>>> print(open('my_file_9.cif').read())   # mmCIF, C-alpha atoms
data_query
loop_
_atom_site.label_atom_id
_atom_site.label_comp_id
_atom_site.auth_asym_id
_atom_site.auth_seq_id
_atom_site.Cartn_x
_atom_site.Cartn_y
_atom_site.Cartn_z
CA MET A 116 -22.05 -3.67 103.50
CA ARG A 117 -19.72 -2.39 100.81
CA PRO A 118 -17.85 -5.22 99.01
CA GLN A 119 -14.13 -5.19 99.62
CA ARG A 120 -11.95 -4.41 96.64
CA ALA A 121 -9.70 -7.27 95.57
CA PRO A 122 -6.06 -6.68 96.50
CA GLU A 123 -3.93 -5.33 93.69
CA PRO A 124 -1.70 -8.02 92.15
CA ARG A 125 2.02 -7.80 92.85
CA LEU A 126 3.64 -7.01 89.53
CA THR A 127 7.11 -7.76 88.25
CA VAL A 128 8.19 -4.97 85.91
CA ILE A 129 11.44 -5.07 83.98
CA GLN A 130 12.79 -1.87 82.39
CA LEU A 131 15.21 -1.99 79.47
CA LEU A 132 17.68 0.80 78.68
CA PRO A 133 21.26 1.06 77.38
CA ALA A 134 23.07 2.20 80.52
CA LEU A 135 22.79 4.02 83.85
CA GLN A 136 25.16 6.95 83.29
CA SER A 137 23.06 10.15 83.30
CA GLY A 138 20.12 11.77 81.58
CA GLY A 139 16.35 11.90 81.60
CA VAL A 140 15.80 8.28 80.54
CA GLU A 141 17.96 7.02 83.38
CA ARG A 142 16.40 9.34 85.92
CA SER A 143 12.87 8.29 84.94
CA THR A 144 13.88 4.64 85.24
CA LEU A 145 15.07 5.15 88.82
CA GLU A 146 11.94 7.12 89.71
CA ILE A 147 9.67 4.33 88.49
CA CYS A 148 11.73 1.75 90.38
CA GLN A 149 11.17 3.81 93.51
CA ALA A 150 7.41 3.98 92.89
CA LEU A 151 7.19 0.25 92.18
CA GLY A 152 8.99 -0.58 95.39
CA GLN A 153 6.82 1.74 97.46
CA ALA A 154 3.70 0.12 96.00
CA GLY A 155 4.94 -3.39 96.85
CA HIS A 156 5.82 -4.41 93.31
CA ARG A 157 9.05 -5.94 92.04
CA ALA A 158 11.36 -3.78 89.90
CA ILE A 159 14.12 -5.12 87.66
CA VAL A 160 16.37 -3.12 85.33
CA VAL A 161 18.49 -4.50 82.49
CA SER A 162 21.32 -2.26 81.28
CA ALA A 163 25.09 -2.11 80.90
CA GLY A 164 25.30 -0.37 84.28
CA GLY A 165 27.00 2.94 85.05
CA ARG A 166 27.47 5.58 87.70
CA LEU A 167 23.78 5.62 88.72
CA LEU A 168 23.82 1.92 89.64
CA PRO A 169 24.16 2.59 93.42
CA GLU A 170 21.15 4.92 93.28
CA LEU A 171 19.15 2.28 91.45
CA GLN A 172 20.03 -0.37 94.00
CA ALA A 173 19.06 2.01 96.80
CA THR A 174 15.47 1.87 95.51
CA GLY A 175 15.44 -1.88 96.14
CA ALA A 176 15.41 -2.73 92.44
CA GLU A 177 17.37 -5.64 90.99
CA HIS A 178 19.90 -4.85 88.25
CA ILE A 179 20.95 -7.31 85.59
CA ALA A 180 24.04 -6.31 83.62
CA LEU A 181 23.61 -6.80 79.90
CA ASP A 182 24.95 -4.54 77.16
CA ILE A 183 21.68 -4.11 75.27
CA GLY A 184 22.56 -0.66 73.94
CA ARG A 185 25.57 -1.55 71.79
CA LYS A 186 24.76 -1.06 68.11
CA SER A 187 26.26 -4.25 66.72
CA PRO A 188 24.83 -7.32 64.99
CA LEU A 189 26.19 -9.31 67.94
CA SER A 190 23.65 -7.60 70.19
CA LEU A 191 20.89 -9.68 68.62
CA ARG A 192 22.07 -12.61 70.72
CA HIS A 193 20.77 -10.78 73.77
CA ALA A 194 17.18 -11.35 72.63
CA ARG A 195 17.51 -15.02 73.62
CA THR A 196 18.97 -14.03 77.00
CA LEU A 197 16.09 -11.63 77.60
CA ARG A 198 13.53 -14.25 76.61
CA ARG A 199 14.93 -16.65 79.18
CA LEU A 200 15.06 -13.88 81.78
CA PHE A 201 11.43 -12.90 81.21
CA GLY A 202 10.38 -16.48 81.80
CA GLU A 203 12.60 -17.18 84.81
CA ARG A 204 11.60 -13.99 86.61
CA GLN A 205 7.91 -14.41 85.68
CA VAL A 206 7.83 -10.88 84.33
CA ASP A 207 4.42 -9.23 83.92
CA ILE A 208 5.48 -6.08 82.06
CA VAL A 209 8.48 -5.22 79.90
CA HIS A 210 9.03 -1.45 79.71
CA ALA A 211 11.47 -0.42 76.96
CA ARG A 212 12.86 3.11 77.06
CA SER A 213 15.26 3.20 74.11
CA ARG A 214 15.29 1.92 70.56
CA LEU A 215 17.81 -0.93 70.50
CA PRO A 216 16.67 -2.31 73.87
CA ALA A 217 13.10 -2.07 72.56
CA TRP A 218 13.98 -4.11 69.48
CA LEU A 219 15.69 -6.76 71.58
CA GLY A 220 12.79 -6.86 74.03
CA TRP A 221 10.26 -7.10 71.20
CA LEU A 222 12.16 -9.94 69.53
CA ALA A 223 12.40 -11.74 72.85
CA LEU A 224 8.65 -11.45 73.40
CA ARG A 225 7.86 -12.67 69.89
CA GLY A 226 9.58 -15.95 70.69
CA MET A 227 7.48 -16.65 73.80
CA PRO A 228 4.16 -18.51 73.95
CA GLN A 229 1.40 -15.93 74.01
CA ALA A 230 -0.10 -17.30 77.21
CA ARG A 231 3.15 -16.58 79.09
CA ARG A 232 4.18 -13.46 77.22
CA PRO A 233 4.61 -10.28 79.31
CA HIS A 234 2.93 -7.08 78.20
CA LEU A 235 5.08 -4.52 76.39
CA VAL A 236 5.17 -0.81 77.28
CA THR A 237 7.39 1.70 75.51
CA THR A 238 8.19 5.30 76.36
CA VAL A 239 9.03 7.81 73.64
CA HIS A 240 11.46 10.09 75.46
CA GLY A 241 12.71 12.01 72.42
CA LEU A 242 11.87 13.23 68.93
CA ASN A 243 13.90 10.51 67.23
CA SER A 244 14.57 10.57 63.49
CA PRO A 245 11.52 8.90 61.93
CA GLY A 246 12.02 5.59 60.18
CA ARG A 247 11.90 1.84 60.57
CA TYR A 248 14.49 1.76 63.36
CA SER A 249 12.63 4.30 65.51
CA ALA A 250 9.22 2.78 64.74
CA VAL A 251 9.79 0.09 67.37
CA MET A 252 8.97 2.68 70.03
CA THR A 253 5.37 2.55 68.78
CA TYR A 254 5.15 -1.25 69.13
CA GLY A 255 4.14 -1.23 72.77
CA GLU A 256 0.66 -2.22 73.81
CA ARG A 257 0.79 1.11 75.59
CA VAL A 258 3.06 3.90 74.36
CA ILE A 259 3.92 6.59 76.89
CA CYS A 260 4.67 10.02 75.40
CA VAL A 261 6.48 12.52 77.63
CA SER A 262 4.54 15.45 76.18
CA GLU A 263 1.70 16.28 73.81
CA THR A 264 4.43 17.37 71.39
CA VAL A 265 5.73 13.79 71.37
CA ARG A 266 2.23 12.39 70.93
CA GLN A 267 1.63 14.55 67.88
CA TYR A 268 5.06 13.63 66.51
CA VAL A 269 4.28 9.91 66.80
CA LEU A 270 0.92 10.28 65.06
CA GLN A 271 2.45 12.42 62.30
CA HIS A 272 5.35 10.12 61.47
CA TYR A 273 3.71 6.78 62.26
CA PRO A 274 0.13 7.29 61.06
CA GLY A 275 -0.64 3.59 61.45
CA THR A 276 -0.27 3.88 65.22
CA ASP A 277 -3.46 3.38 67.19
CA ALA A 278 -3.98 6.70 68.98
CA GLY A 279 -5.98 4.87 71.64
CA LYS A 280 -2.88 3.22 73.08
CA LEU A 281 -0.93 6.47 73.50
CA ARG A 282 -0.68 7.91 77.00
CA VAL A 283 0.75 11.39 77.64
CA ILE A 284 2.66 11.39 80.94
CA PRO A 285 4.88 14.46 81.38
CA ARG A 286 8.12 14.13 83.26
CA GLY A 287 7.83 15.42 86.78
CA ILE A 288 9.99 17.01 89.44
CA ASP A 289 10.01 16.92 93.21
CA PRO A 290 9.04 20.49 94.15
CA ALA A 291 10.97 20.14 97.41
CA GLN A 292 14.19 19.93 95.41
CA PHE A 293 13.43 23.24 93.67
CA PRO A 294 12.00 25.38 96.46
CA ARG A 295 10.82 28.90 95.79
CA THR A 296 13.26 31.51 97.02
CA PRO A 297 12.96 35.31 97.22
CA ALA A 298 13.69 37.19 94.04
CA PRO A 299 16.28 38.50 93.93
CA ASP A 300 18.09 36.05 96.20
CA ARG A 301 21.14 38.08 97.22
CA ALA A 302 22.78 35.27 99.17
CA ALA A 303 22.57 32.82 96.26
CA ARG A 304 23.89 35.45 93.86
CA LEU A 305 26.82 36.17 96.17
CA ARG A 306 27.69 32.47 96.32
CA ALA A 307 27.62 32.29 92.51
CA ALA A 308 29.86 35.33 92.19
CA GLN A 309 32.33 33.97 94.74
CA SER A 310 32.76 30.84 92.62
CA HIS A 311 32.63 32.69 89.29
CA PRO A 312 33.70 36.36 89.55
CA ALA A 313 32.26 37.22 86.13
CA LEU A 314 28.81 36.82 87.70
CA GLY A 315 29.29 39.66 90.17
CA GLY A 316 27.71 43.09 89.91
CA ASP A 317 24.24 44.43 90.53
CA GLY A 318 22.73 43.73 87.12
CA PRO A 319 20.42 40.82 86.28
CA LEU A 320 21.81 37.30 85.99
CA LEU A 321 20.74 35.14 83.05
CA LEU A 322 21.06 31.36 83.40
CA LEU A 323 21.22 28.80 80.59
CA PRO A 324 21.82 25.26 81.90
CA GLY A 325 22.81 22.80 79.20
CA ARG A 326 25.45 20.49 77.78
CA GLY A 327 28.36 21.78 75.72
CA THR A 328 26.76 21.48 72.30
CA ARG A 329 25.55 23.97 69.70
CA LEU A 330 22.08 22.49 69.96
CA LYS A 331 21.64 24.14 73.37
CA GLY A 332 21.74 27.64 71.89
CA HIS A 333 24.74 29.09 73.74
CA ALA A 334 25.51 31.44 70.83
CA ASP A 335 21.95 32.80 70.96
CA ALA A 336 22.41 33.51 74.66
CA LEU A 337 25.63 35.40 73.97
CA GLN A 338 23.88 37.54 71.36
CA LEU A 339 21.09 38.24 73.84
CA LEU A 340 23.54 39.29 76.54
CA ALA A 341 25.30 41.61 74.10
CA GLY A 342 21.98 43.23 73.25
CA LEU A 343 21.07 43.77 76.90
CA ARG A 344 24.46 45.25 77.75
CA ALA A 345 24.40 47.49 74.68
CA GLY A 346 21.20 48.96 76.12
CA GLY A 347 22.93 49.90 79.37
CA SER A 348 22.18 46.84 81.48
CA ASP A 349 24.93 45.26 83.60
CA ALA A 350 23.48 41.83 82.79
CA ARG A 351 25.59 38.71 83.31
CA LEU A 352 25.28 35.22 81.84
CA TRP A 353 25.98 31.86 83.46
CA LEU A 354 26.14 28.70 81.32
CA PRO A 355 26.57 25.72 83.69
CA GLY A 356 27.24 22.51 81.80
CA ALA A 357 28.80 24.18 78.76
CA ARG A 358 32.33 23.30 79.85
CA GLU A 359 32.65 19.56 79.37
CA SER A 360 35.54 17.17 78.89
CA GLY A 361 36.29 16.73 75.21
CA ARG A 362 34.53 19.97 74.24
CA GLN A 363 37.52 22.30 74.48
CA ALA A 364 37.26 23.38 70.83
CA TYR A 365 33.63 24.37 71.34
CA ILE A 366 34.44 26.40 74.46
CA ALA A 367 37.26 28.15 72.58
CA GLU A 368 34.74 29.04 69.90
CA LEU A 369 32.33 30.48 72.48
CA ASP A 370 35.15 32.39 74.19
CA ALA A 371 36.08 33.94 70.84
CA GLU A 372 32.47 34.91 70.16
CA ALA A 373 32.11 36.49 73.60
CA ALA A 374 35.30 38.48 73.02
CA ARG A 375 34.06 39.61 69.60
CA LEU A 376 30.81 40.81 71.16
CA GLY A 377 32.69 42.61 73.95
CA ILE A 378 31.04 40.64 76.74
CA ALA A 379 33.82 38.23 77.76
CA ASP A 380 34.04 39.67 81.28
CA ALA A 381 30.30 39.15 81.86
CA VAL A 382 30.06 35.45 80.95
CA ALA A 383 30.88 32.27 82.90
CA PHE A 384 31.16 28.99 81.00
CA THR A 385 31.32 26.37 83.74
CA ALA A 386 31.12 22.63 84.30
CA PRO A 387 27.75 21.12 85.27
CA THR A 388 26.74 22.03 88.79
CA SER A 389 25.36 19.60 91.33
CA ARG A 390 23.59 22.57 92.95
CA ILE A 391 21.31 23.54 90.09
CA ALA A 392 18.55 24.68 92.46
CA ASP A 393 21.01 27.21 93.92
CA ALA A 394 21.81 28.37 90.38
CA TYR A 395 18.11 28.99 89.72
CA ALA A 396 17.87 30.91 92.99
CA ALA A 397 20.82 33.12 91.99
CA SER A 398 19.33 33.97 88.61
CA ASP A 399 16.79 36.54 87.48
CA LEU A 400 15.87 34.91 84.17
CA VAL A 401 16.31 31.32 82.94
CA LEU A 402 16.87 30.67 79.23
CA GLN A 403 15.83 27.60 77.23
CA LEU A 404 17.16 28.17 73.70
CA SER A 405 17.67 24.70 72.24
CA ARG A 406 18.09 24.96 68.49
CA LYS A 407 16.43 21.57 68.02
CA PRO A 408 12.92 21.12 69.42
CA GLU A 409 13.02 19.12 72.62
CA ALA A 410 10.58 16.43 73.63
CA PHE A 411 9.86 18.02 77.02
CA GLY A 412 12.03 20.72 78.59
CA ARG A 413 12.60 19.85 82.22
CA THR A 414 14.49 23.06 83.00
CA VAL A 415 11.28 25.02 82.36
CA ILE A 416 9.51 23.16 85.16
CA GLU A 417 12.49 23.35 87.50
CA ALA A 418 12.93 27.10 87.03
CA LEU A 419 9.22 27.87 87.44
CA SER A 420 9.13 25.76 90.60
CA ALA A 421 11.99 27.88 91.96
CA GLY A 422 9.98 31.00 91.12
CA ARG A 423 12.11 32.21 88.21
CA PRO A 424 10.72 33.37 84.86
CA VAL A 425 11.72 31.45 81.74
CA LEU A 426 12.41 32.72 78.24
CA GLY A 427 12.60 30.23 75.41
CA TRP A 428 11.97 29.39 71.79
CA ALA A 429 8.34 28.48 71.16
CA HIS A 430 8.89 25.07 69.62
CA GLY A 431 8.80 21.47 70.81
CA GLY A 432 8.09 20.58 74.40
CA VAL A 433 9.52 23.87 75.66
CA GLY A 434 7.04 25.86 73.62
CA GLU A 435 4.25 23.60 74.82
CA LEU A 436 5.14 24.15 78.49
CA LEU A 437 5.56 27.89 78.14
CA ALA A 438 2.25 28.25 76.29
CA GLU A 439 0.52 26.52 79.18
CA LEU A 440 2.42 27.85 82.19
CA GLN A 441 4.05 31.18 81.25
CA PRO A 442 3.07 32.45 77.79
CA GLN A 443 5.06 35.69 78.17
CA GLY A 444 8.25 33.67 77.90
CA ALA A 445 7.52 32.03 74.54
CA VAL A 446 9.36 33.62 71.60
CA ALA A 447 9.15 32.72 67.91
CA ALA A 448 12.06 30.37 67.23
CA PHE A 449 15.33 32.09 66.31
CA ASP A 450 13.88 35.64 66.27
CA ALA A 451 16.76 37.46 67.99
CA GLN A 452 14.97 40.81 68.21
CA ALA A 453 11.88 39.23 69.78
CA LEU A 454 14.15 37.40 72.23
CA LEU A 455 15.78 40.66 73.30
CA ALA A 456 12.41 42.35 73.71
CA GLY A 457 11.11 39.38 75.69
CA ALA A 458 14.11 39.44 78.03
CA ARG A 459 13.73 43.14 78.68
CA ALA A 460 10.02 42.71 79.43
CA LEU A 461 10.48 39.77 81.80
CA LEU A 462 13.34 41.47 83.65
CA ALA A 463 11.38 44.71 83.99
CA GLN A 464 8.19 43.00 85.18
CA PRO A 465 8.57 39.32 86.09
CA PRO A 466 5.29 37.40 86.04
CA PRO A 467 3.99 36.27 89.43
CA PRO A 468 5.35 32.83 90.40
CA LEU A 469 3.03 29.90 89.82
CA VAL A 470 1.26 28.72 92.94
CA THR A 471 1.41 25.07 91.92
CA MET A 472 2.07 22.76 88.94
CA PRO A 473 0.25 19.54 89.93
CA ALA A 474 0.55 17.93 86.48
CA TYR A 475 4.35 18.17 86.56
CA THR A 476 5.25 16.66 89.90
CA LEU A 477 7.28 13.52 90.35
CA ARG A 478 4.42 11.88 92.21
CA ALA A 479 1.99 12.60 89.36
CA MET A 480 4.38 11.01 86.86
CA GLN A 481 4.92 7.94 89.03
CA ASP A 482 1.22 7.44 89.74
CA ALA A 483 0.27 7.84 86.08
CA THR A 484 2.91 5.31 84.97
CA LEU A 485 1.79 2.71 87.50
CA SER A 486 -1.78 3.31 86.34
CA VAL A 487 -0.70 2.40 82.81
CA TYR A 488 0.75 -0.86 84.13
CA ARG A 489 -2.52 -1.62 85.92
CA GLU A 490 -4.53 -1.14 82.72
CA PHE A 491 -3.49 -4.59 81.51
CA PHE A 492 -4.97 -6.25 84.57
CA ASP A 493 -8.09 -4.08 84.65
CA ASP A 494 -8.59 -5.05 80.97
CA PRO A 495 -7.87 -8.76 80.51
CA HIS A 496 -8.43 -8.38 76.76
CA ALA A 497 -5.47 -6.00 76.30
CA SER A 498 -3.75 -6.69 73.01
CA ALA A 499 -0.61 -8.81 72.70
CA PRO A 500 2.64 -7.37 71.35
CA ARG A 501 2.82 -7.05 67.59
#
>>> encode(input="my_file_9.cif", output="structure tokens")
Amino acid sequence: MRPQRAPEPRLTVIQLLPALQSGGVERSTLEICQALGQAGHRAIVVSAGGRLLPELQATGAEHIALDIGRKSPLSLRHARTLRRLFGERQVDIVHARSRLPAWLGWLALRGMPQARRPHLVTTVHGLNSPGRYSAVMTYGERVICVSETVRQYVLQHYPGTDAGKLRVIPRGIDPAQFPRTPAPDRAARLRAAQSHPALGGDGPLLLLPGRGTRLKGHADALQLLAGLRAGGSDARLWLPGARESGRQAYIAELDAEAARLGIADAVAFTAPTSRIADAYAASDLVLQLSRKPEAFGRTVIEALSAGRPVLGWAHGGVGELLAELQPQGAVAAFDAQALLAGARALLAQPPPPLVTMPAYTLRAMQDATLSVYREFFDDPHASAPR
């Protein structure tokens, strides 16, 4: 008779991050809380709170309000609070997702007896400026990197890091939230044009989702649109997220550039949309033109899931994803002529949609993260925090 496997221990995992407003760090935190709850574990989050707090609580996780993201010498006092919290809640794993919370968590752990000290996991979500302050993200007993790009960045800038404790776990999406739609999707395009008349017409629609900052490459997208229209195309460009509160001067700058290029009537700078999947469906080509290399590039995965080709600069996590999933869309960074040629080629002959992307699903990310947590209990000799 086959021996029965011992039941998996119920873990208490506490995640540390500055706040619960918006962004990839926050979203990943909620997704891991959901996975912990579904697996019968206990999830706790420490942050200053924010608009995503109701979503967090809906996962069954406990939230403890503590402003551990404020860059002030006074924040050091929170290390003592965290130390007490780790002991009272009998925490098994501390998972730090940002630099200041990681420092506070690390200091808290250092003050605990080793026999009762939780294990430390860190996730490197971004390509942070290298230095002593950022080095804390390599202090975890396990260090999760959201892409191979991040892994290489860590090893390059922190050569003393043990490569054996790094785990590459890409961010994932729920494919059901980005369903494949027919291309072109006339109904979705009509809805977009009804909301934003500049997006009407029969020509191709280019989409660049991104915040209202120069780093997202909005000016490069405008130049690309001008090139396509100069060649006779009735192409249009939608930039959801570019229009943000407090960024009026930047929008005025983009408006002036569009007018100078003669494309002002073919561009829509809009606020972020809560219906981004519908925006992908309406588009013919999705752009990812961040001027600064990104750690991952979630929009690439979302767009490909929706069945839309992606065109982007071949650097950082975006370049990594395109090289693996859709090489035709990778363009040498900041080569405007190559970008124009790439857009024309993808619009003329879009690559066939991917059948599946199993490595980039939400479930794959959740399962891989929980597997990292289990490593400490499969290996009782796992190292203690530095």
>>> closest_residue(input="my_file_9.cif", among="A:Pro285, A:Arg125, A:Ala438, A:Gly138", to="Arg326 of chain A", atoms="only C-alpha atoms")
A:Gly138
>>> residues_around(input="my_file_9.cif", residues="Gly444 of chain A", least_positions_apart="5", cutoff="10 Å", atoms="all atoms listed in the file", output="list in words")
Leu400, Val401, Leu402, Gln403, Pro424, Val425, Leu426, Gly427, Trp428, Ala429, Gly434, Leu437, Ala438, Leu454, Gly457, Ala458, Ala460, Leu461, Pro465 and Pro466 of chain A
>>> closest_residue(input="my_file_9.cif", among="A:Leu215, A:Ile129, A:Ala154, A:Leu330", to="Ser249 of chain A", atoms="only C-alpha atoms")
A:Leu215
>>> resolve_selection(input="my_file_9.cif", expression="the PyMOL selection byres ((chain A and resi 225) around 12)", output="number ranges by chain")
A: 194-195, 197-198, 201, 218-224, 226-235, 254, 499-501
>>> closest_residue(input="my_file_9.cif", among="A:Val382, A:Ser360, A:Ser398, A:Thr388", to="Arg304 of chain A", atoms="only C-alpha atoms")
A:Ser398
>>> resolve_selection(input="my_file_9.cif", expression="the PyMOL selection byres ((chain A and resi 477) around 8)", output="compact mmCIF listing (two decimals) with C-alpha atoms, in the coordinates of the input")
# COMPACT_ATOMS: atom_id res chain seq x y z
CA GLU A 146 11.94 7.12 89.71
CA ARG A 286 8.12 14.13 83.26
CA GLY A 287 7.83 15.42 86.78
CA ILE A 288 9.99 17.01 89.44
CA ASP A 289 10.01 16.92 93.21
CA TYR A 475 4.35 18.17 86.56
CA THR A 476 5.25 16.66 89.90
CA ARG A 478 4.42 11.88 92.21
CA ALA A 479 1.99 12.60 89.36
CA MET A 480 4.38 11.01 86.86
CA GLN A 481 4.92 7.94 89.03
>>> closest_residue(input="my_file_9.cif", among="A:Gly346, A:Ala410, A:Ala278, A:Arg142", to="Val239 of chain A", atoms="all atoms listed in the file")
A:Ala410
>>> closest_residue(input="my_file_9.cif", among="A:Ala397, A:Val487, A:Gly431, A:Asp493", to="Val283 of chain A", atoms="only C-alpha atoms")
A:Val487
>>> closest_residue(input="my_file_9.cif", among="A:Val470, A:Ala447, A:Ala421, A:Val261", to="Thr484 of chain A", atoms="only C-alpha atoms")
A:Val261
>>> residues_around(input="my_file_9.cif", residues="segment 244-248 of chain A", least_positions_apart="4", cutoff="10 Å", atoms="only C-alpha atoms", output="VMD selection string")
chain A and resid 214 to 215 218 252 268 to 269 271 to 273
>>> residues_around(input="my_file_9.cif", residues="Ala345 of chain A", least_positions_apart="4", cutoff="12 Å", atoms="only C-alpha atoms", output="PDB file with C-alpha atoms, keeping the file's coordinate frame")
ATOM      1  CA  GLN A 338      23.880  37.540  71.360  1.00  0.00           C
ATOM      2  CA  LEU A 339      21.090  38.240  73.840  1.00  0.00           C
ATOM      3  CA  LEU A 340      23.540  39.290  76.540  1.00  0.00           C
ATOM      4  CA  ALA A 341      25.300  41.610  74.100  1.00  0.00           C
ATOM      5  CA  ASP A 349      24.930  45.260  83.600  1.00  0.00           C
ATOM      6  CA  ALA A 350      23.480  41.830  82.790  1.00  0.00           C
ATOM      7  CA  LEU A 376      30.810  40.810  71.160  1.00  0.00           C
ATOM      8  CA  GLY A 377      32.690  42.610  73.950  1.00  0.00           C
ATOM      9  CA  ILE A 378      31.040  40.640  76.740  1.00  0.00           C
ATOM     10  CA  LEU A 455      15.780  40.660  73.300  1.00  0.00           C
TER      11      LEU A 455
END
>>> atom_distance(input="my_file_9.cif", atom1="atom CA of Leu132 of chain A", atom2="atom CA of Leu191 of chain A")
14.9 Å
>>> resolve_selection(input="my_file_9.cif", expression="the PyMOL selection byres ((chain A and resi 145) around 12)", output="PDB file with C-alpha atoms, keeping the file's coordinate frame")
ATOM      1  CA  ILE A 129      11.440  -5.070  83.980  1.00  0.00           C
ATOM      2  CA  GLN A 130      12.790  -1.870  82.390  1.00  0.00           C
ATOM      3  CA  LEU A 131      15.210  -1.990  79.470  1.00  0.00           C
ATOM      4  CA  LEU A 132      17.680   0.800  78.680  1.00  0.00           C
ATOM      5  CA  ALA A 134      23.070   2.200  80.520  1.00  0.00           C
ATOM      6  CA  LEU A 135      22.790   4.020  83.850  1.00  0.00           C
ATOM      7  CA  GLN A 136      25.160   6.950  83.290  1.00  0.00           C
ATOM      8  CA  SER A 137      23.060  10.150  83.300  1.00  0.00           C
ATOM      9  CA  GLY A 138      20.120  11.770  81.580  1.00  0.00           C
ATOM     10  CA  GLY A 139      16.350  11.900  81.600  1.00  0.00           C
ATOM     11  CA  VAL A 140      15.800   8.280  80.540  1.00  0.00           C
ATOM     12  CA  GLU A 141      17.960   7.020  83.380  1.00  0.00           C
ATOM     13  CA  ARG A 142      16.400   9.340  85.920  1.00  0.00           C
ATOM     14  CA  SER A 143      12.870   8.290  84.940  1.00  0.00           C
ATOM     15  CA  THR A 144      13.880   4.640  85.240  1.00  0.00           C
ATOM     16  CA  GLU A 146      11.940   7.120  89.710  1.00  0.00           C
ATOM     17  CA  ILE A 147       9.670   4.330  88.490  1.00  0.00           C
ATOM     18  CA  CYS A 148      11.730   1.750  90.380  1.00  0.00           C
ATOM     19  CA  GLN A 149      11.170   3.810  93.510  1.00  0.00           C
ATOM     20  CA  ALA A 150       7.410   3.980  92.890  1.00  0.00           C
ATOM     21  CA  LEU A 151       7.190   0.250  92.180  1.00  0.00           C
ATOM     22  CA  GLY A 152       8.990  -0.580  95.390  1.00  0.00           C
ATOM     23  CA  ALA A 158      11.360  -3.780  89.900  1.00  0.00           C
ATOM     24  CA  ILE A 159      14.120  -5.120  87.660  1.00  0.00           C
ATOM     25  CA  VAL A 160      16.370  -3.120  85.330  1.00  0.00           C
ATOM     26  CA  LEU A 167      23.780   5.620  88.720  1.00  0.00           C
ATOM     27  CA  LEU A 168      23.820   1.920  89.640  1.00  0.00           C
ATOM     28  CA  PRO A 169      24.160   2.590  93.420  1.00  0.00           C
ATOM     29  CA  GLU A 170      21.150   4.920  93.280  1.00  0.00           C
ATOM     30  CA  LEU A 171      19.150   2.280  91.450  1.00  0.00           C
ATOM     31  CA  GLN A 172      20.030  -0.370  94.000  1.00  0.00           C
ATOM     32  CA  ALA A 173      19.060   2.010  96.800  1.00  0.00           C
ATOM     33  CA  THR A 174      15.470   1.870  95.510  1.00  0.00           C
ATOM     34  CA  GLY A 175      15.440  -1.880  96.140  1.00  0.00           C
ATOM     35  CA  ALA A 176      15.410  -2.730  92.440  1.00  0.00           C
ATOM     36  CA  GLU A 177      17.370  -5.640  90.990  1.00  0.00           C
ATOM     37  CA  HIS A 178      19.900  -4.850  88.250  1.00  0.00           C
ATOM     38  CA  LEU A 477       7.280  13.520  90.350  1.00  0.00           C
ATOM     39  CA  GLN A 481       4.920   7.940  89.030  1.00  0.00           C
TER      40      GLN A 481
END
>>> residues_around(input="my_file_9.cif", residues="Pro408 of chain A", least_positions_apart="2", cutoff="8 Å", atoms="all atoms listed in the file", output="PDB file with C-alpha atoms, keeping the file's coordinate frame")
ATOM      1  CA  LEU A 242      11.870  13.230  68.930  1.00  0.00           C
ATOM      2  CA  SER A 405      17.670  24.700  72.240  1.00  0.00           C
ATOM      3  CA  ARG A 406      18.090  24.960  68.490  1.00  0.00           C
ATOM      4  CA  ALA A 410      10.580  16.430  73.630  1.00  0.00           C
ATOM      5  CA  HIS A 430       8.890  25.070  69.620  1.00  0.00           C
ATOM      6  CA  GLY A 431       8.800  21.470  70.810  1.00  0.00           C
ATOM      7  CA  GLY A 432       8.090  20.580  74.400  1.00  0.00           C
ATOM      8  CA  VAL A 433       9.520  23.870  75.660  1.00  0.00           C
TER       9      VAL A 433
END
>>> atom_distance(input="my_file_9.cif", atom1="atom CA of Pro216 of chain A", atom2="atom CA of Gly164 of chain A")
13.7 Å
>>> atom_distance(input="my_file_9.cif", atom1="atom CA of Ala163 of chain A", atom2="atom CA of Asp182 of chain A")
4.5 Å
>>> residues_around(input="my_file_9.cif", residues="Arg351 of chain A", least_positions_apart="4", cutoff="7 Å", atoms="all atoms listed in the file", output="list in words")
Leu314, Gly318, Pro319, Leu320, Leu321, Ala381 and Val382 of chain A
